[in-house]
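J.: This is coords.txt, which holds compact mmCIF, C-alpha atoms:
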# COMPACT_ATOMS: atom_id res chain seq x y z
CA MET A 12 8.08 -0.82 -15.52
CA ASN A 13 11.46 0.46 -14.35
CA ILE A 14 10.03 2.93 -11.85
CA ASP A 15 10.81 3.37 -8.18
CA PHE A 16 8.34 2.41 -5.48
CA ILE A 17 8.02 2.95 -1.75
CA ASN A 18 6.54 0.18 0.36
CA LEU A 19 4.66 1.49 3.39
CA GLY A 20 2.97 -1.75 4.28
CA PHE A 21 3.26 -2.75 7.93
CA SER A 22 1.99 -6.30 7.92
CA GLY A 23 -1.43 -6.50 9.56
CA TYR A 24 -0.97 -3.17 11.32
CA SER A 25 -1.62 -0.91 8.30
CA THR A 26 -5.11 0.20 9.16
CA GLY A 27 -5.21 3.75 7.82
CA ASP A 28 -3.54 5.79 10.56
CA LEU A 29 -3.65 9.49 9.73
CA PRO A 30 0.02 10.14 10.58
CA ILE A 31 0.92 7.71 7.79
CA ALA A 32 -1.34 9.56 5.34
CA LYS A 33 0.23 12.84 6.36
CA ALA A 34 3.71 11.39 5.83
CA MET A 35 2.69 10.00 2.44
CA ALA A 36 1.27 13.37 1.41
CA SER A 37 4.66 14.94 2.06
CA LEU A 38 6.41 12.70 -0.47
CA ASP A 39 7.27 13.64 -4.03
CA VAL A 40 5.60 10.73 -5.83
CA SER A 41 3.66 10.10 -9.04
CA CYS A 42 0.88 7.92 -7.66
CA TYR A 43 -0.52 6.38 -4.48
CA VAL A 44 -1.86 2.83 -4.20
CA LEU A 45 -3.97 2.07 -1.13
CA ASP A 46 -4.31 -1.64 -0.50
CA TYR A 47 -4.69 -2.03 3.25
CA GLY A 48 -8.40 -2.74 3.58
CA ALA A 49 -7.97 -6.38 4.55
CA ASN A 50 -6.13 -5.39 7.74
CA ASN A 51 -9.10 -3.71 9.34
CA THR A 52 -10.96 -6.15 11.54
CA THR A 53 -14.43 -4.98 10.50
CA PRO A 54 -15.97 -2.99 7.66
CA ARG A 55 -16.97 -0.38 10.23
CA ASN A 56 -13.36 0.05 11.38
CA LEU A 57 -12.28 0.48 7.78
CA GLU A 58 -15.07 2.92 7.03
CA GLU A 59 -14.05 5.13 9.96
CA ALA A 60 -10.47 5.31 8.69
CA TYR A 61 -10.72 5.16 4.92
CA ILE A 62 -12.21 8.49 3.75
CA PRO A 63 -10.25 10.55 6.32
CA PHE A 64 -7.08 8.85 5.05
CA ILE A 65 -7.87 9.80 1.45
CA LYS A 66 -8.74 13.37 2.48
CA GLU A 67 -5.43 13.70 4.29
CA LEU A 68 -3.61 12.47 1.18
CA ARG A 69 -5.55 14.87 -1.01
CA SER A 70 -4.80 17.82 1.26
CA GLY A 71 -1.16 17.50 0.30
CA LYS A 72 -1.29 16.13 -3.23
CA LYS A 73 -4.36 17.41 -5.01
CA ASP A 74 -3.28 16.33 -8.47
CA LYS A 75 -1.75 12.88 -7.95
CA PRO A 76 -3.58 9.70 -8.90
CA ILE A 77 -4.85 7.62 -5.99
CA VAL A 78 -5.61 3.96 -6.69
CA LEU A 79 -7.98 2.23 -4.27
CA VAL A 80 -7.72 -1.57 -4.20
CA THR A 81 -10.45 -3.72 -2.68
CA PRO A 82 -9.25 -6.75 -0.67
CA ILE A 83 -8.00 -9.68 -2.72
CA LEU A 84 -9.25 -13.22 -2.35
CA SER A 85 -9.09 -15.05 0.94
CA SER A 86 -9.31 -18.66 -0.09
CA ASP A 87 -11.36 -19.55 2.99
CA GLU A 88 -14.10 -17.30 1.66
CA SER A 89 -15.13 -20.44 -0.21
CA TRP A 90 -16.15 -22.30 2.92
CA LYS A 91 -16.42 -19.76 5.76
CA LEU A 92 -19.47 -17.55 5.55
CA ASP A 93 -18.19 -15.15 8.23
CA VAL A 94 -14.97 -14.55 6.27
CA GLN A 95 -16.91 -14.05 3.05
CA THR A 96 -19.25 -11.57 4.75
CA ARG A 97 -16.35 -9.63 6.27
CA LYS A 98 -14.34 -9.48 3.06
CA ASN A 99 -17.32 -8.44 0.98
CA GLY A 100 -18.13 -5.77 3.56
CA LEU A 101 -14.58 -4.42 3.37
CA ARG A 102 -14.78 -4.37 -0.43
CA GLU A 103 -18.02 -2.40 -0.28
CA VAL A 104 -16.40 0.20 1.97
CA VAL A 105 -13.69 0.80 -0.62
CA ARG A 106 -16.24 0.96 -3.45
CA ARG A 107 -18.38 3.45 -1.52
CA ALA A 108 -15.33 5.59 -0.81
CA TYR A 109 -14.45 5.60 -4.50
CA LYS A 110 -18.00 6.66 -5.40
CA GLU A 111 -18.01 9.36 -2.74
CA CYS A 112 -14.74 10.76 -4.06
CA THR A 113 -15.79 10.73 -7.71
CA ASP A 114 -19.22 12.16 -6.85
CA SER A 115 -17.51 15.04 -5.10
CA GLY A 116 -15.46 15.80 -8.22
CA ASP A 117 -12.20 13.92 -7.72
CA ALA A 118 -11.35 12.88 -11.29
CA ASN A 119 -7.98 11.38 -10.46
CA ILE A 120 -9.01 8.50 -8.26
CA TYR A 121 -9.26 4.90 -9.49
CA LEU A 122 -10.81 1.69 -8.26
CA VAL A 123 -9.16 -1.69 -8.73
CA GLU A 124 -11.06 -4.80 -7.73
CA GLY A 125 -8.81 -7.04 -5.66
CA LEU A 126 -10.60 -10.09 -7.01
CA GLU A 127 -9.38 -9.11 -10.47
CA LEU A 128 -5.82 -9.13 -9.13
CA LEU A 129 -6.21 -12.44 -7.34
CA SER A 130 -9.43 -14.38 -7.71
CA PHE A 131 -10.82 -17.80 -6.93
CA GLU A 132 -9.20 -19.07 -10.12
CA ASP A 133 -5.84 -18.02 -8.71
CA ALA A 134 -6.20 -19.88 -5.41
CA ASP A 135 -2.83 -21.58 -6.03
CA GLY A 136 -1.38 -18.11 -5.55
CA ILE A 137 -2.34 -18.01 -1.87
CA VAL A 138 -0.31 -19.62 0.87
CA ASP A 139 -2.35 -19.43 4.08
CA ASN A 140 -5.87 -18.39 3.09
CA ASN A 141 -4.86 -14.72 3.16
CA HIS A 142 -1.37 -14.04 1.87
CA PRO A 143 -0.13 -14.38 -1.71
CA ASN A 144 2.81 -16.68 -2.38
CA ASP A 145 5.38 -15.99 -5.10
CA ILE A 146 2.93 -17.02 -7.84
CA GLY A 147 0.22 -14.83 -6.35
CA PHE A 148 2.49 -11.81 -6.02
CA LEU A 149 3.65 -12.26 -9.60
CA LYS A 150 0.09 -12.39 -10.90
CA MET A 151 -0.90 -9.37 -8.83
CA SER A 152 2.08 -7.31 -9.90
CA CYS A 153 1.52 -8.08 -13.60
CA ARG A 154 -2.16 -7.17 -13.39
CA LEU A 155 -1.73 -4.08 -11.22
CA GLY A 156 1.25 -3.06 -13.33
CA LYS A 157 -0.96 -2.80 -16.42
CA VAL A 158 -3.39 -0.56 -14.55
CA LEU A 159 -0.58 1.69 -13.32
CA GLN A 160 0.94 1.86 -16.81
CA ASP A 161 -2.38 3.20 -18.11
CA ILE A 162 -2.85 5.68 -15.28
CA LEU A 163 0.72 6.96 -15.48
CA LYS A 164 0.69 6.84 -19.30
CA LEU A 165 3.81 4.72 -19.41
CA THR A 166 2.81 2.72 -22.47
CA MET B 26 35.46 -9.78 -1.54
CA ARG B 27 35.26 -6.08 -0.76
CA LYS B 28 33.10 -4.54 1.93
CA VAL B 29 31.48 -1.24 1.03
CA SER B 30 29.99 1.17 3.55
CA LEU B 31 26.63 2.55 2.54
CA LEU B 32 27.55 5.76 4.30
CA LYS B 33 30.75 6.24 2.33
CA SER B 34 29.75 5.09 -1.12
CA ASN B 35 27.72 6.21 -4.12
CA ILE B 36 25.30 3.34 -3.77
CA GLU B 37 21.81 4.58 -4.45
CA ILE B 38 19.15 3.63 -1.91
CA ASN B 39 15.58 3.33 -3.16
CA GLY B 40 12.38 2.83 -1.23
CA MET B 41 13.47 4.73 1.89
CA PRO B 42 12.48 8.33 1.21
CA TRP B 43 13.45 9.59 4.66
CA TYR B 44 16.89 7.96 4.66
CA LYS B 45 18.86 11.22 4.59
CA HIS B 46 16.37 13.01 6.81
CA ASN B 47 16.82 10.20 9.36
CA ASN B 48 20.60 10.67 9.39
CA SER B 49 21.11 7.42 7.45
CA MET B 50 19.13 5.29 9.90
CA MET B 51 17.44 2.29 8.27
CA LEU B 52 13.83 3.37 8.80
CA ARG B 53 10.90 3.32 6.40
CA LEU B 54 9.26 6.29 8.14
CA SER B 55 10.52 9.62 9.37
CA TYR B 56 11.98 9.29 12.87
CA GLU B 57 9.55 11.97 14.10
CA LEU B 58 6.68 9.54 13.59
CA GLU B 59 7.82 7.16 16.34
CA SER B 60 5.56 8.84 18.88
CA GLU B 61 2.63 9.17 16.46
CA VAL B 62 2.15 5.65 15.14
CA ASN B 63 1.36 2.52 17.13
CA SER B 64 4.26 0.49 18.45
CA GLU B 65 3.79 -2.37 15.98
CA VAL B 66 3.88 -0.02 12.98
CA TRP B 67 7.04 1.53 14.35
CA ARG B 68 8.59 -1.90 14.95
CA LEU B 69 7.88 -2.84 11.34
CA ALA B 70 9.08 0.54 10.07
CA LYS B 71 12.50 -0.63 11.23
CA ASP B 72 12.28 -3.60 8.85
CA THR B 73 13.58 -2.53 5.46
CA SER B 74 10.97 -4.39 3.44
CA GLY B 75 10.88 -2.98 -0.08
CA ALA B 76 14.07 -0.96 0.32
CA ARG B 77 16.67 -1.58 -2.36
CA ILE B 78 20.22 -0.60 -3.20
CA ARG B 79 21.38 0.08 -6.71
CA PHE B 80 24.98 -0.23 -7.83
CA SER B 81 25.64 2.59 -10.25
Any chance you could put this one into structure tokens?
T.:
Amino acid sequence: MNIDFINLGFSGYSTGDLPIAKAMASLDVSCYVLDYGANNTTPRNLEEAYIPFIKELRSGKKDKPIVLVTPILSSDESWKLDVQTRKNGLREVVRRAYKECTDSGDANIYLVEGLELLSFEDADGIVDNNHPNDIGFLKMSCRLGKVLQDILKLT
Amino acid sequence: MRKVSLLKSNIEINGMPWYKHNNSMMLRLSYELESEVNSEVWRLAKDTSGARIRFS
């Protein structure tokens, strides 16, 4: 895509802290991608942080696209019911946040399903149940790249 | 082999938007945020993951 990017991922510690949102809102960027949902230990924790984080972003950048990504596959969702329940709960939080934003008139917010970036059919793209390997990252970047190209009208 | 100082060259640094603001420190966040984010986030902000240099 030949565009710059800024990585503000902090391993498992990116949980939607407001100072990070405030810092992001101060940047001169074209688009935000929020993909930290899997780091929150429970759907409730994510719910408490997620909408306030978006509102903080929007307070600074009212016209920039915000892309919300639901958690990608954890391969142990296939055999651990507690993991499946947690991940599905986290995904629902992101979907509800997207609906809340669009219902309140935000026309520049987008939802990307993590399972469309990395699904059960891509399980060879996961290294430790949770983290993509090189194949997984490649698949995710190609698929998310197409979405961003559309949103940013780069095609 | 020639060593080039980042501080004294025209090498472009991408992915570290607060680089100049931080007086050329290798941080992924503004230095003022150290007291506002948790210690693990700050520790990882000192890792330059995603930062790139471009020879131009």
J.: At what distance in Å, to one decimal, does CA of Asn140 in chain A lie from CA of Ser85 in chain A?
T.: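 Interatomic distance, CA of Ser85 in chain A to CA of Asn140 in chain A: 5.1 Å.
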J.: Grab the CA of Asp135 in chain A to CA of Arg154 in chain A distance for me, in Å with one decimal place.
T.: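 So the two atoms, CA of Asp135 in chain A and CA of Arg154 in chain A, lie 16.2 Å apart.
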J.: Env of Ser34 in chain B: 12 Å cut, atoms = all atoms listed in the file, seq-sep filter 2 positions within chain, self excluded. Answer as a short mmCIF file (atom, residue, chain, number, x, y, z; two decimals) with C-alpha atoms, keeping the file's coordinate frame.
T.:
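Listing of selection.cif after writing:
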data_model
loop_
_atom_site.label_atom_id
_atom_site.label_comp_id
_atom_site.auth_asym_id
_atom_site.auth_seq_id
_atom_site.Cartn_x
_atom_site.Cartn_y
_atom_site.Cartn_z
CA LYS B 28 33.10 -4.54 1.93
CA VAL B 29 31.48 -1.24 1.03
CA SER B 30 29.99 1.17 3.55
CA LEU B 31 26.63 2.55 2.54
CA LEU B 32 27.55 5.76 4.30
CA ILE B 36 25.30 3.34 -3.77
CA GLU B 37 21.81 4.58 -4.45
CA ILE B 38 19.15 3.63 -1.91
CA ILE B 78 20.22 -0.60 -3.20
CA ARG B 79 21.38 0.08 -6.71
CA PHE B 80 24.98 -0.23 -7.83
CA SER B 81 25.64 2.59 -10.25
#
J.: Can you measure CA of Ser64 in chain B to CA of Ile83 in chain A for me? One decimal in Å is fine.
T.: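 Between CA of Ser64 in chain B and CA of Ile83 in chain A the gap works out to 26.5 Å.
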J.: Can I get the residues of chain A within 10 Å of chain B, each with the closest pair of atoms and their distance in Å to one decimal, using all atoms listed in the file, sorted chain first then ascending number, as a tab-separated table?
T.:
residue	atom	partner	partner_atom	distance
A:Asp15	CA	B:Asn39	CA	6.9
A:Phe16	CA	B:Gly40	CA	5.9
A:Ile17	CA	B:Gly40	CA	4.4
A:Asn18	CA	B:Gly75	CA	5.4
A:Leu19	CA	B:Arg53	CA	7.2
A:Gly20	CA	B:Ser74	CA	8.5
A:Phe21	CA	B:Leu69	CA	5.7
A:Ser22	CA	B:Leu69	CA	7.6
A:Gly23	CA	B:Val66	CA	9.0
A:Tyr24	CA	B:Val66	CA	6.0
A:Ser25	CA	B:Val66	CA	7.3
A:Thr26	CA	B:Val66	CA	9.8
A:Asp28	CA	B:Val62	CA	7.3
A:Leu29	CA	B:Val62	CA	8.8
A:Pro30	CA	B:Glu61	CA	6.5
A:Ile31	CA	B:Val62	CA	7.7
A:Ala34	CA	B:Ser55	CA	7.9
A:Met35	CA	B:Leu54	CA	9.5
A:Leu38	CA	B:Pro42	CA	7.7
A:Asp39	CA	B:Pro42	CA	9.1
J.: So that I have them on file, write out the residues from the current selection with C-alpha atoms, as a PDB file, keeping the file's coordinate frame.
T.:
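Written output follows (part-v1.pdb):
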ATOM      1  CA  ASP A  15      10.810   3.370  -8.180  1.00  0.00           C
ATOM      2  CA  PHE A  16       8.340   2.410  -5.480  1.00  0.00           C
ATOM      3  CA  ILE A  17       8.020   2.950  -1.750  1.00  0.00           C
ATOM      4  CA  ASN A  18       6.540   0.180   0.360  1.00  0.00           C
ATOM      5  CA  LEU A  19       4.660   1.490   3.390  1.00  0.00           C
ATOM      6  CA  GLY A  20       2.970  -1.750   4.280  1.00  0.00           C
ATOM      7  CA  PHE A  21       3.260  -2.750   7.930  1.00  0.00           C
ATOM      8  CA  SER A  22       1.990  -6.300   7.920  1.00  0.00           C
ATOM      9  CA  GLY A  23      -1.430  -6.500   9.560  1.00  0.00           C
ATOM     10  CA  TYR A  24      -0.970  -3.170  11.320  1.00  0.00           C
ATOM     11  CA  SER A  25      -1.620  -0.910   8.300  1.00  0.00           C
ATOM     12  CA  THR A  26      -5.110   0.200   9.160  1.00  0.00           C
ATOM     13  CA  ASP A  28      -3.540   5.790  10.560  1.00  0.00           C
ATOM     14  CA  LEU A  29      -3.650   9.490   9.730  1.00  0.00           C
ATOM     15  CA  PRO A  30       0.020  10.140  10.580  1.00  0.00           C
ATOM     16  CA  ILE A  31       0.920   7.710   7.790  1.00  0.00           C
ATOM     17  CA  ALA A  34       3.710  11.390   5.830  1.00  0.00           C
ATOM     18  CA  MET A  35       2.690  10.000   2.440  1.00  0.00           C
ATOM     19  CA  LEU A  38       6.410  12.700  -0.470  1.00  0.00           C
ATOM     20  CA  ASP A  39       7.270  13.640  -4.030  1.00  0.00           C
TER      21      ASP A  39
END
J.: Of the candidates A:Thr81, A:Ser86, A:Thr166, A:Asn99, which one gets nearest to Glu127 in chain A if we count all atoms listed in the file?
T.: A:Thr81
J.: Tell me, as JSON, numbers by chain, which residues lie within 9 Å of Glu103 in chain A, counting all atoms listed in the file; anything in the same chain fewer than 5 positions away does not count.
T.: {"A": [54, 81, 98, 108]}
J.: Some atoms are absent from range 40-76 of chain B, so rebuild N, CA and C atoms and return them as a CSV table (one decimal), in the frame of the given file.
T.:
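What follows is the written file selection24.csv:
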chain,number,residue,atom,x,y,z
B,40,GLY,N,13.4,3.4,-2.1
B,40,GLY,CA,12.4,2.8,-1.2
B,40,GLY,C,12.4,3.3,0.2
B,41,MET,N,13.4,4.2,0.5
B,41,MET,CA,13.5,4.7,1.9
B,41,MET,C,13.6,6.3,1.8
B,42,PRO,N,12.4,6.9,1.5
B,42,PRO,CA,12.5,8.3,1.2
B,42,PRO,C,13.0,9.2,2.3
B,43,TRP,N,13.0,8.8,3.6
B,43,TRP,CA,13.4,9.6,4.7
B,43,TRP,C,14.9,9.2,5.1
B,44,TYR,N,15.6,8.5,4.3
B,44,TYR,CA,16.9,8.0,4.7
B,44,TYR,C,17.8,9.1,5.1
B,45,LYS,N,18.0,10.1,4.2
B,45,LYS,CA,18.9,11.2,4.6
B,45,LYS,C,18.3,12.0,5.8
B,46,HIS,N,17.0,12.3,5.7
B,46,HIS,CA,16.4,13.0,6.8
B,46,HIS,C,16.6,12.3,8.2
B,47,ASN,N,16.6,11.0,8.1
B,47,ASN,CA,16.8,10.2,9.4
B,47,ASN,C,18.3,10.0,9.7
B,48,ASN,N,19.2,10.8,9.1
B,48,ASN,CA,20.6,10.7,9.4
B,48,ASN,C,21.1,9.3,9.1
B,49,SER,N,20.7,8.7,8.0
B,49,SER,CA,21.1,7.4,7.4
B,49,SER,C,20.7,6.2,8.3
B,50,MET,N,19.7,6.4,9.2
B,50,MET,CA,19.1,5.3,9.9
B,50,MET,C,18.2,4.5,9.0
B,51,MET,N,18.2,3.2,9.1
B,51,MET,CA,17.4,2.3,8.3
B,51,MET,C,16.0,2.2,8.7
B,52,LEU,N,15.2,3.3,8.4
B,52,LEU,CA,13.8,3.4,8.8
B,52,LEU,C,13.0,3.6,7.6
B,53,ARG,N,11.8,3.1,7.5
B,53,ARG,CA,10.9,3.3,6.4
B,53,ARG,C,10.0,4.5,6.6
B,54,LEU,N,10.0,5.1,7.8
B,54,LEU,CA,9.3,6.3,8.1
B,54,LEU,C,10.2,7.3,8.7
B,55,SER,N,9.7,8.6,8.7
B,55,SER,CA,10.5,9.6,9.4
B,55,SER,C,10.6,9.3,10.9
B,56,TYR,N,11.8,9.6,11.4
B,56,TYR,CA,12.0,9.3,12.9
B,56,TYR,C,11.0,10.1,13.8
B,57,GLU,N,10.5,11.2,13.3
B,57,GLU,CA,9.6,12.0,14.1
B,57,GLU,C,8.2,11.2,14.3
B,58,LEU,N,8.0,10.2,13.5
B,58,LEU,CA,6.7,9.5,13.6
B,58,LEU,C,6.7,8.5,14.7
B,59,GLU,N,7.8,8.2,15.3
B,59,GLU,CA,7.8,7.2,16.3
B,59,GLU,C,6.7,7.4,17.4
B,60,SER,N,6.5,8.6,17.8
B,60,SER,CA,5.6,8.8,18.9
B,60,SER,C,4.1,9.0,18.4
B,61,GLU,N,4.0,9.0,17.0
B,61,GLU,CA,2.6,9.2,16.5
B,61,GLU,C,2.0,7.9,16.0
B,62,VAL,N,2.8,6.9,15.7
B,62,VAL,CA,2.2,5.6,15.1
B,62,VAL,C,2.2,4.6,16.2
B,63,ASN,N,1.4,3.5,16.1
B,63,ASN,CA,1.4,2.5,17.1
B,63,ASN,C,2.7,1.7,17.1
B,64,SER,N,2.9,1.1,18.2
B,64,SER,CA,4.3,0.5,18.4
B,64,SER,C,4.6,-0.6,17.4
B,65,GLU,N,3.5,-1.3,17.0
B,65,GLU,CA,3.8,-2.4,16.0
B,65,GLU,C,4.2,-1.8,14.6
B,66,VAL,N,3.5,-0.7,14.2
B,66,VAL,CA,3.9,0.0,13.0
B,66,VAL,C,5.3,0.5,13.1
B,67,TRP,N,5.7,1.0,14.2
B,67,TRP,CA,7.0,1.5,14.4
B,67,TRP,C,8.0,0.4,14.3
B,68,ARG,N,7.7,-0.7,15.0
B,68,ARG,CA,8.6,-1.9,15.0
B,68,ARG,C,8.8,-2.4,13.5
B,69,LEU,N,7.7,-2.4,12.7
B,69,LEU,CA,7.9,-2.8,11.3
B,69,LEU,C,8.5,-1.8,10.4
B,70,ALA,N,8.4,-0.5,10.8
B,70,ALA,CA,9.1,0.5,10.1
B,70,ALA,C,10.6,0.4,10.1
B,71,LYS,N,11.1,-0.4,11.1
B,71,LYS,CA,12.5,-0.6,11.2
B,71,LYS,C,12.9,-1.8,10.4
B,72,ASP,N,12.0,-2.5,9.8
B,72,ASP,CA,12.3,-3.6,8.8
B,72,ASP,C,12.3,-3.0,7.5
B,73,THR,N,13.4,-3.3,6.7
B,73,THR,CA,13.6,-2.5,5.5
B,73,THR,C,12.9,-3.2,4.3
B,74,SER,N,11.7,-3.7,4.5
B,74,SER,CA,11.0,-4.4,3.4
B,74,SER,C,10.7,-3.4,2.3
B,75,GLY,N,11.1,-3.8,1.1
B,75,GLY,CA,10.9,-3.0,-0.1
B,75,GLY,C,12.0,-2.0,-0.4
B,76,ALA,N,12.9,-1.8,0.6
B,76,ALA,CA,14.1,-1.0,0.3
B,76,ALA,C,15.1,-1.7,-0.5
